[in-house]
Amino acid sequence: MSQRPKSDPGGRARAAHGWPQALVAVLAGLLAMLVTAALGLWAAGAPDLPGNAFPSIVAAVVVMAVGGVVDLSGGAGAIAETRAGLTAMPLSVTLAGALAVAAGFLRPLRRRAVADTAELAGWAARVALLWALGLIALAALARHTFDIPVEDPTGGLIEDVFDASPQVGFRADVLWSVVLGLLWLAGLMALALLVSRGAPLPGRLLRFQESVRPAAFAMAALLLACVAVGLVVGLVVAATRGHPAETFAVILLGLPNVCWPAFTLGLGASWEGRVEGPFGLPMPRLLDQVLRTPDVSTLNLGSLAEHDARAWWLAVVSAVLLLAAAFVMAVRSPARTRPWQHAVHLAVALALTVLTICLTASVFAHYGLSLLGIGDLGGGLGGEVYLRPQVWPALGLALLWGLIAGFLGALLAARVRRRGEV
């Protein structure tokens with residue numbers, strides 16, 4: 001049996017969302033992220049790294065998954081230095097934590113139509129405080145230093161005389177990681193309230209739920225459907241193409257990093273990037289082939305199809321998923337909503353979704369070793385990897401696709417029995 005809301009002496013309903021419930025929500029989110037990150041790093045071979053670095057790397061991945069800052073640094077004595085940088089979000093870890101935290105945040109609010117602003121703010125503040133404490137602990141753990149073996153052209157003189165054995169390490173910026181992690185949590189809780197039909201809203205916001213909630217739910221379902229399709233493809237690849245550990249590492253660490261940009265490519269968007277050196281992107285080999293060129297490469301359906309004609313299926317899959325999302329949005333909307341209103345709602349929602357993909361799926365990584373500020377002595381270790389979207393064209397295409405799909409989805413749902421009011 002479900003727990004009924006308690007009542008105070010005045011007879012008003014009071015939801016059971018205190019500190020224990022907040023602790024459960026936070027622990028569930030952190031545990032989901034830690035387990036996902038640990039399994040993904042284990043599949044990638046991280047436990048073999050020296051110096052018992054595995055726990056620190058797991059903590060760093062979780063911090064990065066919520067938008068936290070992990071700085072890379074290094075040095076090689078008095079005459080040499082290492083230069084490194086990394087900007088990326090392991091979105092599989094992000095998604096696992098988001099689903100767990102959202103479920104814990106919404107559970108005490110079920111089966112209520114309205115909640116006052118002070119009540120929701122108090123509940124969110126409890127979750128945020130415990131979340132900040134968890135991030136502080138993880139950020140403090142996320143630090144380690146590695147010795148990097150390189151080819152020494154001086155026959156050992158650099159290392160013996162100048163103590164120039166190169167090192168590279170990482171350290172989480174605690175302050176910025178907590179601030180950005182709290183912003184991530186605030187966005188997640190706001191989105192959870194918008195997506196869930198059964199979550200209460202303050203009375204002043206009820207007038208917006210008919211236009212916002214169906215579109216928000218449809219976009220959340222669209223992103224999850226993209227991940228589900230990618231998961232099926234990934235499992236097939238792991239079973240038939242060999243190298244299952246590498247495939248599972250991509251699935252557990254960066255599956256949305258592959259699926260969500262692929263969805264935008266299917267809409268006609270373009271990304272640009274480059275792969276240089278021994279590093280690679282957590283993506284299929286086809287993308288690595290397109291981007292591993294001397295100059296900056298443009299990644300779109302055309303450039304992918306030059307290497308594999310099956311890339312055109314991305315357009316078909318993206319169109320089908322978007323039309324399904326438009327149909328779901330129309331079915332969940334009030335029956336009085338007109339087709340042109342559906343089109344506008346979906347266009348705005350899709351543009352915001354594509355913008356979110358552009359902001360979260362970009363990747364940048366660089367490593368190099370220089371002597372007296374000259375050259376790269378990394379012995380083949382130096383390199384650069386980055387992938388970034390062409391944002392404005394992507395947003396324009398999202399608006400166009402949203403208008404068309406929203407209108408068609410409304411026509412398809414015209415004869416479906418609606419649930420009436422949201």
# chains A, B, ... in the order shown; residues from 1 in each chain; ligands from 1
>>> residues_around(residues="A:Thr360", least_positions_apart="3", cutoff="8 Å", atoms="only C-alpha atoms", output="ChimeraX atom specification")
/A:88-89,91,356-357
>>> write_last_selection(atoms="N, CA, C and O atoms", output="compact mmCIF listing (two decimals), in the first residue's frame")
# COMPACT_ATOMS: atom_id res chain seq x y z
N ALA A 88 34.75 17.01 -21.53
CA ALA A 88 33.81 16.01 -22.03
C ALA A 88 32.90 15.61 -20.88
O ALA A 88 33.26 15.71 -19.71
N MET A 89 31.71 15.15 -21.23
CA MET A 89 30.78 14.61 -20.25
C MET A 89 30.48 13.16 -20.62
O MET A 89 30.01 12.89 -21.73
N LEU A 91 28.14 10.81 -20.86
CA LEU A 91 26.69 10.98 -20.75
C LEU A 91 25.95 9.70 -20.34
O LEU A 91 24.82 9.79 -19.88
N THR A 356 20.67 21.47 -26.14
CA THR A 356 21.22 20.70 -25.02
C THR A 356 22.21 19.66 -25.51
O THR A 356 23.28 19.46 -24.91
N ILE A 357 21.88 18.97 -26.60
CA ILE A 357 22.81 17.99 -27.16
C ILE A 357 24.11 18.66 -27.58
O ILE A 357 25.21 18.16 -27.32
>>> closest_atom_pairs(of="stretch 272-358 of chain A", to="stretch 404-408 of chain A", cutoff="12 Å", atoms="only C-alpha atoms", output="CSV")
residue,atom,partner,partner_atom,distance
A:Ser318,CA,A:Ala405,CA,11.2
A:Ala319,CA,A:Ala405,CA,8.3
A:Val320,CA,A:Ala405,CA,9.6
A:Leu321,CA,A:Ala405,CA,10.1
A:Leu322,CA,A:Ala405,CA,6.8
A:Leu323,CA,A:Ala405,CA,5.4
A:Ala324,CA,A:Ala405,CA,8.8
A:Ala325,CA,A:Ala405,CA,8.6
A:Ala326,CA,A:Gly406,CA,5.2
A:Phe327,CA,A:Gly406,CA,7.7
A:Val328,CA,A:Gly406,CA,10.1
A:Met329,CA,A:Gly406,CA,8.3
A:Ala330,CA,A:Gly406,CA,8.0
A:Val331,CA,A:Gly406,CA,11.5
A:Ser333,CA,A:Gly406,CA,11.9
A:Thr337,CA,A:Phe407,CA,11.3
A:Arg338,CA,A:Phe407,CA,9.0
A:Pro339,CA,A:Phe407,CA,5.2
A:Trp340,CA,A:Phe407,CA,6.1
A:Gln341,CA,A:Phe407,CA,8.2
A:His342,CA,A:Gly406,CA,5.2
A:Ala343,CA,A:Gly406,CA,3.9
A:Val344,CA,A:Gly406,CA,7.3
A:His345,CA,A:Gly406,CA,7.6
A:Leu346,CA,A:Gly406,CA,5.5
A:Ala347,CA,A:Gly406,CA,7.2
A:Val348,CA,A:Gly406,CA,10.3
A:Ala349,CA,A:Gly406,CA,10.3
A:Leu350,CA,A:Gly406,CA,9.9
>>> closest_residue(among="A:Pro389, A:Leu267, A:Val63, A:Val258", to="A:Val179", atoms="only C-alpha atoms")
A:Val63
>>> select_by_dssp(residues="stretch 244-380 of chain A", states="strand (DSSP E or B)", output="PDB file with N, CA and C atoms, in the first residue's frame")
ATOM      1  N   TRP A 271      28.628  18.576 -37.678  1.00  0.00           N
ATOM      2  CA  TRP A 271      29.601  18.743 -36.616  1.00  0.00           C
ATOM      3  C   TRP A 271      30.973  18.844 -37.281  1.00  0.00           C
ATOM      4  N   GLU A 272      31.908  19.429 -36.587  1.00  0.00           N
ATOM      5  CA  GLU A 272      33.267  19.495 -37.098  1.00  0.00           C
ATOM      6  C   GLU A 272      34.232  19.016 -36.031  1.00  0.00           C
ATOM      7  N   GLY A 273      35.317  18.422 -36.465  1.00  0.00           N
ATOM      8  CA  GLY A 273      36.251  17.892 -35.482  1.00  0.00           C
ATOM      9  C   GLY A 273      37.512  17.387 -36.132  1.00  0.00           C
ATOM     10  N   ARG A 274      38.355  16.805 -35.312  1.00  0.00           N
ATOM     11  CA  ARG A 274      39.637  16.288 -35.758  1.00  0.00           C
ATOM     12  C   ARG A 274      40.122  15.234 -34.772  1.00  0.00           C
ATOM     13  N   VAL A 275      40.744  14.195 -35.285  1.00  0.00           N
ATOM     14  CA  VAL A 275      41.376  13.177 -34.462  1.00  0.00           C
ATOM     15  C   VAL A 275      42.830  13.103 -34.886  1.00  0.00           C
ATOM     16  N   GLU A 276      43.729  13.379 -33.958  1.00  0.00           N
ATOM     17  CA  GLU A 276      45.164  13.383 -34.238  1.00  0.00           C
ATOM     18  C   GLU A 276      45.883  12.620 -33.145  1.00  0.00           C
ATOM     19  N   SER A 297      37.750  18.402 -40.132  1.00  0.00           N
ATOM     20  CA  SER A 297      36.789  17.711 -40.990  1.00  0.00           C
ATOM     21  C   SER A 297      35.369  18.081 -40.597  1.00  0.00           C
ATOM     22  N   THR A 298      34.498  18.069 -41.586  1.00  0.00           N
ATOM     23  CA  THR A 298      33.074  18.280 -41.344  1.00  0.00           C
ATOM     24  C   THR A 298      32.375  16.936 -41.301  1.00  0.00           C
ATOM     25  N   LEU A 299      31.617  16.726 -40.247  1.00  0.00           N
ATOM     26  CA  LEU A 299      30.908  15.471 -40.047  1.00  0.00           C
ATOM     27  C   LEU A 299      29.430  15.693 -40.320  1.00  0.00           C
ATOM     28  N   VAL A 363      33.311  17.355 -27.380  1.00  0.00           N
ATOM     29  CA  VAL A 363      34.474  16.678 -26.809  1.00  0.00           C
ATOM     30  C   VAL A 363      35.727  17.451 -27.186  1.00  0.00           C
ATOM     31  N   PHE A 364      36.637  17.610 -26.213  1.00  0.00           N
ATOM     32  CA  PHE A 364      37.956  18.174 -26.500  1.00  0.00           C
ATOM     33  C   PHE A 364      38.971  17.497 -25.599  1.00  0.00           C
ATOM     34  N   ALA A 365      40.059  17.012 -26.183  1.00  0.00           N
ATOM     35  CA  ALA A 365      41.139  16.399 -25.411  1.00  0.00           C
ATOM     36  C   ALA A 365      42.451  16.699 -26.103  1.00  0.00           C
ATOM     37  N   HIS A 366      43.480  17.009 -25.313  1.00  0.00           N
ATOM     38  CA  HIS A 366      44.796  17.337 -25.858  1.00  0.00           C
ATOM     39  C   HIS A 366      45.861  16.894 -24.878  1.00  0.00           C
ATOM     40  N   TYR A 367      46.962  16.360 -25.419  1.00  0.00           N
ATOM     41  CA  TYR A 367      48.117  16.038 -24.586  1.00  0.00           C
ATOM     42  C   TYR A 367      49.388  16.216 -25.406  1.00  0.00           C
ATOM     43  N   GLY A 368      50.408  16.808 -24.777  1.00  0.00           N
ATOM     44  CA  GLY A 368      51.690  16.968 -25.446  1.00  0.00           C
ATOM     45  C   GLY A 368      52.785  17.233 -24.434  1.00  0.00           C
ATOM     46  N   LEU A 369      54.015  16.896 -24.797  1.00  0.00           N
ATOM     47  CA  LEU A 369      55.193  17.134 -23.956  1.00  0.00           C
ATOM     48  C   LEU A 369      56.180  17.984 -24.748  1.00  0.00           C
ATOM     49  N   SER A 370      56.620  19.086 -24.154  1.00  0.00           N
ATOM     50  CA  SER A 370      57.566  19.963 -24.842  1.00  0.00           C
ATOM     51  C   SER A 370      58.820  20.144 -24.000  1.00  0.00           C
ATOM     52  N   LEU A 371      59.978  20.308 -24.672  1.00  0.00           N
ATOM     53  CA  LEU A 371      61.267  20.534 -24.029  1.00  0.00           C
ATOM     54  C   LEU A 371      61.695  21.964 -24.331  1.00  0.00           C
ATOM     55  N   ILE A 374      59.727  23.796 -26.860  1.00  0.00           N
ATOM     56  CA  ILE A 374      59.848  23.510 -28.279  1.00  0.00           C
ATOM     57  C   ILE A 374      59.569  22.029 -28.514  1.00  0.00           C
TER      58      ILE A 374
END
>>> select_by_dssp(residues="stretch 287-323 of chain A", states="helix (DSSP H, G or I)", output="list in words")
Leu287, Asp288, Gln289, Val290, Leu291, Leu301, Gly302, Ser303, Leu304, Ala305, Glu306, His307, Ala309, Arg310, Ala311, Trp312, Trp313, Leu314, Ala315, Val316, Val317, Ser318, Ala319, Val320, Leu321, Leu322 and Leu323 of chain A
>>> atom_distance(atom1="atom CA of A:Leu253", atom2="atom CA of A:Leu39")
8.7 Å
>>> closest_residue(among="A:Ala137, A:Ile57, A:Val354, A:Leu287", to="A:Ala37", atoms="only C-alpha atoms")
A:Ile57
>>> residues_around(residues="A:Gly97", least_positions_apart="5", cutoff="8 Å", atoms="only C-alpha atoms", output="short mmCIF file (atom, residue, chain, number, x, y, z; two decimals) with C-alpha atoms, in the first residue's frame")
data_model
loop_
_atom_site.label_atom_id
_atom_site.label_comp_id
_atom_site.auth_asym_id
_atom_site.auth_seq_id
_atom_site.Cartn_x
_atom_site.Cartn_y
_atom_site.Cartn_z
CA ALA A 28 20.49 6.37 -5.34
CA GLY A 29 21.78 8.87 -7.88
CA LEU A 30 25.39 8.73 -6.72
CA LEU A 31 25.36 4.94 -6.50
CA ALA A 32 23.94 4.61 -10.03
CA MET A 33 26.64 6.91 -11.39
#
>>> atom_distance(atom1="atom CA of A:Gln390", atom2="atom CA of A:Ser270")
5.8 Å
>>> closest_residue(among="A:Ala315, A:Ala121, A:Val114, A:Leu138", to="A:Arg197", atoms="only C-alpha atoms")
A:Val114
>>> closest_residue(among="A:Leu255, A:Leu304, A:Ala142, A:Leu314", to="A:Leu223", atoms="only C-alpha atoms")
A:Leu255
>>> residues_around(residues="A:Gly203", least_positions_apart="3", cutoff="10 Å", atoms="only C-alpha atoms", output="list in words")
Ala113, Val114, Ala115, Asp116, Thr117, Pro200, Leu206 and Arg207 of chain A
>>> write_last_selection(atoms="N, CA, C and O atoms", output="mmCIF file, in the first residue's frame")
data_model
loop_
_atom_site.group_PDB
_atom_site.id
_atom_site.type_symbol
_atom_site.label_atom_id
_atom_site.label_comp_id
_atom_site.auth_asym_id
_atom_site.auth_seq_id
_atom_site.Cartn_x
_atom_site.Cartn_y
_atom_site.Cartn_z
ATOM 1 N N ALA A 113 -2.015 17.324 -7.093
ATOM 2 C CA ALA A 113 -2.214 18.223 -8.230
ATOM 3 C C ALA A 113 -1.442 19.521 -8.076
ATOM 4 O O ALA A 113 -0.912 20.054 -9.043
ATOM 5 N N VAL A 114 -1.371 20.041 -6.851
ATOM 6 C CA VAL A 114 -0.779 21.360 -6.625
ATOM 7 C C VAL A 114 0.115 21.290 -5.391
ATOM 8 O O VAL A 114 -0.184 20.584 -4.429
ATOM 9 N N ALA A 115 1.218 22.010 -5.428
ATOM 10 C CA ALA A 115 2.093 22.178 -4.267
ATOM 11 C C ALA A 115 2.554 23.628 -4.252
ATOM 12 O O ALA A 115 2.868 24.185 -5.309
ATOM 13 N N ASP A 116 2.577 24.230 -3.084
ATOM 14 C CA ASP A 116 2.994 25.631 -3.039
ATOM 15 C C ASP A 116 4.498 25.741 -3.251
ATOM 16 O O ASP A 116 5.263 24.792 -3.072
ATOM 17 N N THR A 117 4.908 26.944 -3.631
ATOM 18 C CA THR A 117 6.307 27.167 -3.989
ATOM 19 C C THR A 117 7.246 26.903 -2.818
ATOM 20 O O THR A 117 8.323 26.321 -2.994
ATOM 21 N N PRO A 200 3.223 17.579 -8.801
ATOM 22 C CA PRO A 200 2.489 18.827 -8.583
ATOM 23 C C PRO A 200 3.302 20.040 -9.019
ATOM 24 O O PRO A 200 4.535 20.023 -9.039
ATOM 25 N N LEU A 206 0.284 26.397 -13.220
ATOM 26 C CA LEU A 206 -0.620 25.397 -13.767
ATOM 27 C C LEU A 206 -1.094 25.761 -15.170
ATOM 28 O O LEU A 206 -1.366 24.876 -15.985
ATOM 29 N N ARG A 207 -1.178 27.045 -15.479
ATOM 30 C CA ARG A 207 -1.683 27.446 -16.785
ATOM 31 C C ARG A 207 -0.710 27.105 -17.910
ATOM 32 O O ARG A 207 -1.094 27.088 -19.081
#
>>> atom_distance(atom1="atom CA of A:Arg204", atom2="atom CA of A:Ala125")
20.3 Å
>>> closest_residue(among="A:Arg332, A:Arg213, A:Arg241, A:Arg388", to="A:Cys358", atoms="only C-alpha atoms")
A:Arg388
